[in-house]
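Enquirer: My structure file my_file.txt, compact mmCIF, C-alpha atoms, is below:
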```txt
# COMPACT_ATOMS: atom_id res chain seq x y z
CA MET A 1 140.73 230.04 -32.08
CA SER A 2 140.92 227.09 -29.81
CA SER A 3 140.29 227.67 -26.19
CA HIS A 4 143.09 225.21 -25.20
CA GLU A 5 146.59 226.29 -24.47
CA PRO A 6 149.43 224.83 -26.48
CA GLY A 7 150.89 221.69 -24.88
CA GLN A 8 147.61 220.66 -23.38
CA SER A 9 146.20 217.31 -24.41
CA TRP A 10 142.94 216.93 -26.04
CA PRO A 11 140.37 214.85 -24.29
CA PRO A 12 139.87 211.43 -25.78
CA GLN A 13 137.25 211.22 -28.37
CA PRO A 14 134.46 208.79 -28.29
CA GLY A 15 135.22 205.47 -29.89
CA HIS A 16 138.90 205.45 -28.83
CA ALA A 17 140.37 203.49 -25.98
CA PRO A 18 142.30 205.27 -23.25
CA GLY A 19 145.90 205.92 -24.24
CA GLN A 20 145.01 206.20 -27.91
CA TYR A 21 144.65 209.54 -29.38
CA PRO A 22 143.52 210.51 -32.84
CA GLU A 23 145.94 212.19 -35.05
CA GLY A 24 145.13 214.52 -37.86
CA PRO A 25 144.63 218.06 -38.96
CA ALA A 26 141.17 218.10 -37.50
CA TYR A 27 142.59 218.77 -34.18
CA GLY A 28 145.62 220.68 -35.25
CA VAL A 29 148.03 218.87 -32.90
CA VAL A 30 149.72 215.41 -33.03
CA TYR A 31 149.49 213.57 -29.73
CA THR A 32 151.50 210.55 -28.60
CA ALA A 33 150.74 207.97 -25.90
CA PRO A 34 152.36 208.62 -22.51
CA PRO A 35 155.39 206.40 -21.76
CA THR A 36 154.58 203.06 -20.14
CA ARG A 37 156.36 201.52 -17.08
CA PRO A 38 158.42 198.40 -17.53
CA PRO A 39 156.59 195.30 -16.51
CA SER A 40 156.96 194.42 -12.80
CA HIS A 41 157.93 190.86 -11.53
CA ARG A 42 156.55 191.48 -8.10
CA GLY A 43 153.49 189.38 -8.79
CA ALA A 44 155.60 186.42 -9.97
CA TRP A 45 157.79 186.50 -6.84
CA ILE A 46 154.73 186.67 -4.62
CA GLY A 47 153.23 183.67 -6.43
CA ALA A 48 156.43 181.62 -6.10
CA GLY A 49 156.72 182.43 -2.39
CA ALA A 50 153.17 181.34 -1.81
CA THR A 51 153.78 178.06 -3.64
CA LEU A 52 156.92 177.34 -1.53
CA VAL A 53 155.08 178.07 1.74
CA ALA A 54 152.26 175.77 0.70
CA ALA A 55 154.76 172.96 -0.10
CA VAL A 56 156.51 173.30 3.29
CA ILE A 57 153.19 173.27 5.10
CA GLY A 58 152.22 170.11 3.18
CA VAL A 59 155.48 168.28 4.09
CA VAL A 60 155.24 169.21 7.77
CA GLY A 61 151.63 168.16 7.89
CA THR A 62 152.43 164.81 6.28
CA TYR A 63 155.32 164.16 8.76
CA LEU A 64 153.15 165.01 11.78
CA ALA A 65 150.37 162.79 10.52
CA SER A 66 152.68 159.81 9.90
CA SER A 67 154.59 160.17 13.23
CA GLY A 68 151.39 160.32 15.21
CA ASN A 69 150.07 157.06 13.72
CA ASP A 70 151.36 154.15 15.88
CA ASN A 71 149.82 151.59 13.54
CA THR A 72 152.11 152.43 10.65
CA PRO A 73 153.73 149.12 9.58
CA ALA A 74 157.53 148.97 9.93
CA ALA A 75 159.60 148.61 6.84
CA ALA A 76 160.31 145.00 5.91
CA PRO A 77 163.92 143.93 6.57
CA ALA A 78 166.10 143.58 3.56
CA PRO A 79 166.35 139.96 2.37
CA ALA A 80 169.58 138.14 3.26
CA PRO A 81 171.90 137.58 0.32
CA THR A 82 171.51 134.14 -1.19
CA SER A 83 174.51 134.18 -3.46
CA ALA A 84 177.65 132.43 -2.30
CA SER A 85 179.83 134.78 -4.32
CA PRO A 86 182.21 136.88 -2.23
CA SER A 87 181.08 140.37 -1.33
CA ALA A 88 183.08 143.51 -1.55
CA ASP A 89 184.08 143.09 2.13
CA ASP A 90 185.62 139.69 1.33
CA LYS A 91 187.87 141.02 -1.39
CA PRO A 92 191.44 142.03 -0.57
CA THR A 93 191.61 145.64 0.51
CA ARG A 94 194.56 147.86 -0.19
CA ASP A 95 196.01 150.29 2.31
CA ALA A 96 195.60 153.71 0.82
CA THR A 97 198.76 155.04 2.52
CA ALA A 98 201.10 152.07 2.26
CA GLY A 99 199.82 150.70 -1.07
CA THR A 100 200.03 147.09 0.07
CA ASP A 101 197.47 144.31 0.47
CA THR A 102 196.00 144.06 3.96
CA THR A 103 194.51 140.61 3.32
CA PRO A 104 195.85 138.15 5.95
CA THR A 105 198.61 135.99 4.53
CA ALA A 106 200.11 132.68 5.66
CA ASP A 107 202.72 134.64 7.65
CA THR A 108 200.06 136.57 9.60
CA ALA A 109 197.49 133.80 9.98
CA PRO A 110 197.03 132.41 13.50
CA THR A 111 199.27 129.46 14.16
CA THR A 112 198.64 126.46 16.36
CA ASP A 113 200.98 125.85 19.25
CA ALA A 114 203.03 122.81 18.26
CA ALA A 115 203.28 121.79 21.93
CA SER A 116 199.48 121.51 22.19
CA THR A 117 199.18 119.33 19.08
CA PRO A 118 199.62 115.64 19.84
CA SER A 119 202.33 114.18 17.68
CA ALA A 120 202.03 110.82 16.00
CA PRO A 121 204.09 108.03 17.52
CA ALA A 122 207.44 107.59 15.83
CA THR A 123 207.56 104.74 13.36
CA PRO A 124 210.51 102.40 13.91
CA SER A 125 213.06 102.87 11.15
CA GLY A 126 214.19 99.24 11.18
CA PRO A 127 213.09 95.71 12.13
CA ALA A 128 212.16 94.79 15.69
CA PRO A 129 215.16 93.80 17.86
CA ASP A 130 213.98 90.19 18.16
CA THR A 131 213.77 89.78 14.38
CA VAL A 132 216.14 87.06 13.16
CA HIS A 133 218.91 88.62 11.11
CA TRP A 134 220.49 85.29 10.13
CA GLN A 135 220.23 81.65 11.32
CA GLY A 136 222.14 78.55 10.28
CA THR A 137 225.24 76.37 10.73
CA LEU A 138 228.61 78.17 10.88
CA VAL A 139 232.16 76.77 10.90
CA ILE A 140 234.90 78.90 12.42
CA THR A 141 238.53 77.83 11.91
CA TYR A 142 241.73 78.96 13.57
CA VAL A 143 242.76 81.08 10.60
CA GLU A 144 239.32 82.43 9.59
CA ASP A 145 237.61 84.73 12.06
CA LYS A 146 233.97 85.49 11.25
CA ASP A 147 231.91 88.69 10.98
CA LEU A 148 228.52 87.70 12.41
CA ASP A 149 226.96 91.04 11.34
CA ALA A 150 227.17 89.85 7.75
CA ALA A 151 224.40 87.60 6.43
CA PRO A 152 225.61 84.95 6.09
CA PRO A 153 228.63 85.44 8.38
CA VAL A 154 231.95 85.56 6.53
CA MET A 155 235.54 86.48 7.21
CA SER A 156 235.82 90.21 6.62
CA GLU A 157 238.87 91.61 4.90
CA ILE A 158 238.68 94.41 7.46
CA ASN A 159 239.90 92.63 10.58
CA ARG A 160 238.11 94.96 13.04
CA ASP A 161 234.76 93.83 11.60
CA ASN A 162 235.33 90.17 12.62
CA ASP A 163 233.60 89.21 15.84
CA PHE A 164 234.60 85.66 16.89
CA ALA A 165 237.68 83.40 16.41
CA VAL A 166 238.60 79.82 17.34
CA PHE A 167 242.13 78.76 18.33
CA PRO A 168 243.84 75.91 20.20
CA PHE A 169 245.09 76.47 23.72
CA GLY A 170 245.30 72.97 25.08
CA ASP A 171 241.59 72.70 24.24
CA HIS A 172 239.42 74.50 21.72
CA MET A 173 238.84 78.11 22.68
CA LEU A 174 236.30 80.71 21.49
CA ARG A 175 237.57 84.29 21.54
CA PRO A 176 235.32 87.42 21.19
CA ASP A 177 237.22 90.04 19.16
CA ASN A 178 236.98 93.74 18.25
CA GLY A 179 234.36 94.79 20.78
CA ALA A 180 232.29 91.60 20.72
CA LYS A 181 231.51 89.90 24.04
CA ALA A 182 230.01 86.61 25.23
CA LEU A 183 229.20 84.35 28.20
CA VAL A 184 228.29 80.72 28.72
CA TRP A 185 224.53 80.18 29.09
CA LYS A 186 223.91 78.44 32.42
CA GLY A 187 220.18 78.49 32.45
CA ALA A 188 217.73 75.69 31.78
CA ALA A 189 218.57 72.88 29.36
CA LYS A 190 216.47 74.47 26.64
CA ALA A 191 218.12 76.84 24.18
CA PRO A 192 217.91 80.44 25.40
CA THR A 193 215.49 82.77 23.61
CA TYR A 194 216.13 86.33 22.52
CA GLU A 195 214.78 87.57 25.86
CA ASP A 196 216.95 85.10 27.78
CA CYS A 197 220.18 86.23 26.13
CA ALA A 198 219.21 89.93 26.23
CA GLY A 199 218.68 89.66 29.97
CA VAL A 200 222.28 88.59 30.71
CA VAL A 201 224.59 89.76 27.91
CA ASP A 202 224.79 93.43 28.79
CA THR A 203 225.42 92.75 32.48
CA GLN A 204 227.53 89.54 32.47
CA ALA A 205 229.23 89.08 29.07
CA THR A 206 232.96 89.82 28.63
CA SER A 207 235.66 89.65 25.95
CA ASN A 208 237.50 86.80 27.73
CA ASP A 209 238.34 83.53 25.97
CA ILE A 210 235.80 80.75 26.54
CA ARG A 211 236.75 77.08 26.71
CA ILE A 212 234.18 75.27 24.58
CA LYS A 213 232.89 71.73 24.23
CA THR A 214 230.15 70.01 22.27
CA GLY A 215 226.71 71.03 23.45
CA LEU A 216 227.85 74.29 25.10
CA THR A 217 225.64 77.35 24.41
CA VAL A 218 226.99 80.90 24.39
CA CYS A 219 225.05 84.17 24.38
CA GLY A 220 226.89 87.14 22.96
CA ARG A 221 226.77 90.48 21.17
CA THR A 222 228.59 91.48 17.99
CA GLY A 223 230.73 94.55 17.53
CA GLU A 224 227.76 96.30 15.86
CA GLY A 225 225.43 95.38 18.73
CA ARG A 226 223.48 92.42 17.35
CA LEU A 227 222.50 89.74 19.85
CA VAL A 228 223.70 86.18 19.05
CA ARG A 229 223.26 82.64 20.32
CA MET A 230 225.94 80.03 19.46
CA THR A 231 225.61 76.33 20.33
CA VAL A 232 228.69 74.08 19.74
CA LYS A 233 227.78 71.18 17.48
CA ASP A 234 231.25 69.75 16.77
CA MET A 235 234.97 70.42 17.29
CA ALA A 236 237.91 69.02 15.30
CA GLY A 237 241.57 69.49 14.44
CA GLN A 238 244.68 70.36 16.36
CA ALA A 239 247.07 73.26 16.18
CA GLY A 240 246.75 75.09 12.85
CA ASP A 241 243.70 73.13 11.63
CA THR A 242 241.58 73.68 14.77
CA ASN A 243 237.89 74.34 13.97
CA ALA A 244 234.46 74.28 15.54
CA THR A 245 230.95 73.98 14.12
CA PHE A 246 228.15 76.09 15.66
CA ASP A 247 224.37 76.29 15.37
CA VAL A 248 224.00 80.11 15.19
CA VAL A 249 221.10 82.58 15.52
CA VAL A 250 221.78 86.30 14.98
CA TRP A 251 218.99 88.72 15.94
CA ALA A 252 218.54 92.23 14.60
CA GLY A 253 219.30 93.92 17.89
```
Could you render the structure from this file as structure tokens?
Expert:
Amino acid sequence: MSSHEPGQSWPPQPGHAPGQYPEGPAYGVVYTAPPTRPPSHRGAWIGAGATLVAAVIGVVGTYLASSGNDNTPAAAPAPAPTSASPSADDKPTRDATAGTDTTPTADTAPTTDAASTPSAPATPSGPAPDTVHWQGTLVITYVEDKDLDAAPPVMSEINRDNDFAVFPFGDHMLRPDNGAKALVWKGAAKAPTYEDCAGVVDTQATSNDIRIKTGLTVCGRTGEGRLVRMTVKDMAGQAGDTNATFDVVVWAG
């Protein structure tokens, strides 16, 4: 009989690796390998931890080495943009809460104080006052008053537009009508100029009748404000056919 108790393992035989046991009737008992432990990951975790520590040490060492080197060249500045195209900052932005454009409009743009801006001199809307409006020979009769604002002067069908009339009153008389006024020029022998008449009409002229004679010069102003000079060239007729011929200049103002 065998000297081993049942349940005891046989010692490994020569030629077999540990954990392997021969099977067969020569030994009388079938043996199986002892259960093995599941593989352990402890070694893998240890390796990964070591790798991480080595990486951290390398980064810290690199930072310390670079910060301690004063001769490290500074980074080159970024080149200025050369394109003239508008950037994102130039584009209209939209208010996220109100949903409206915040780009300045004509209503919000700064305005210039009108008082600080020199204005251009006003351009005269009409001719200069001393511009000749009409000049020529004019006959005024007792029954035909004349509108000297017309060019040439005519008898207006609207009586209030007529400025001067001639009528007999012992002698020939010149009468300013409908707002016109006149005075006899008593200056030098020469015919008065625009400036000469303008200097006396507004202060001395009236709407009174003027006794006229050949060679007499009158300065006056029409109902519409035009300055006139009238020199008597001839007189004729009596009563209803009384008339007088004048050398007339009418200025624009």
Enquirer: Would you work out the distance separating atom CA of Gly240 of chain A from atom CA of Val166 of chain A, expressed in Å to one decimal?
Expert: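 Distance reported for this atom pair: 10.4 Å.
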Enquirer: Every residue with an atom at most 10 Å from (229.4, 71.0, 24.4) (file coordinates; all atoms listed in the file) is what I'm after, so could you write them as a PyMOL selection string?
Expert: chain A and resi 211-217+231-235
Enquirer: So what do you get for atom CA of Asp196 of chain A versus atom CA of Ala236 of chain A, distance-wise?
Expert: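 Atom-to-atom, atom CA of Asp196 of chain A to atom CA of Ala236 of chain A, that is 29.2 Å.
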Enquirer: List as a PyMOL selection string: which residues have an atom within 8 Å of (239.0, 80.4, 25.9), counting only C-alpha atoms?
Expert: chain A and resi 169+172-175+208-212
Enquirer: Enter the distance from atom CA of Arg226 of chain A to atom CA of Asp171 of chain A, in Å, rounded to one decimal.
Expert: 27.6 Å
Enquirer: Determine the nearest neighbour of Asp202 of chain A from the options A:Trp185, A:Leu138, A:Asn159, A:Leu227, counting only C-alpha atoms.
Expert: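 Closest residue, counting only C-alpha atoms: A:Leu227.
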Enquirer: Which of these, A:Ala198, A:Ile158, A:Leu148, A:Ala205, has the shortest distance to Pro129 of chain A once you count all atoms listed in the file?
Expert: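 Checking each of A:Ala198, A:Ile158, A:Leu148, A:Ala205 against Pro129 of chain A, counting all atoms listed in the file, the winner is A:Ala198.
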Enquirer: Taking into account only C-alpha atoms, which residue in the set A:Ala180, A:Ala252, A:Cys219, A:Val132 is nearest to Asp163 of chain A?
Expert: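 The closest residue to Asp163 of chain A is A:Ala180.
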Enquirer: Which residue is closest to Thr245 of chain A? Choose from A:Gly136, A:Asn178, A:Val143, A:Thr193 and count all atoms listed in the file.
Expert: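 Between A:Gly136, A:Asn178, A:Val143, A:Thr193, the residue approaching Thr245 of chain A most closely is A:Gly136.
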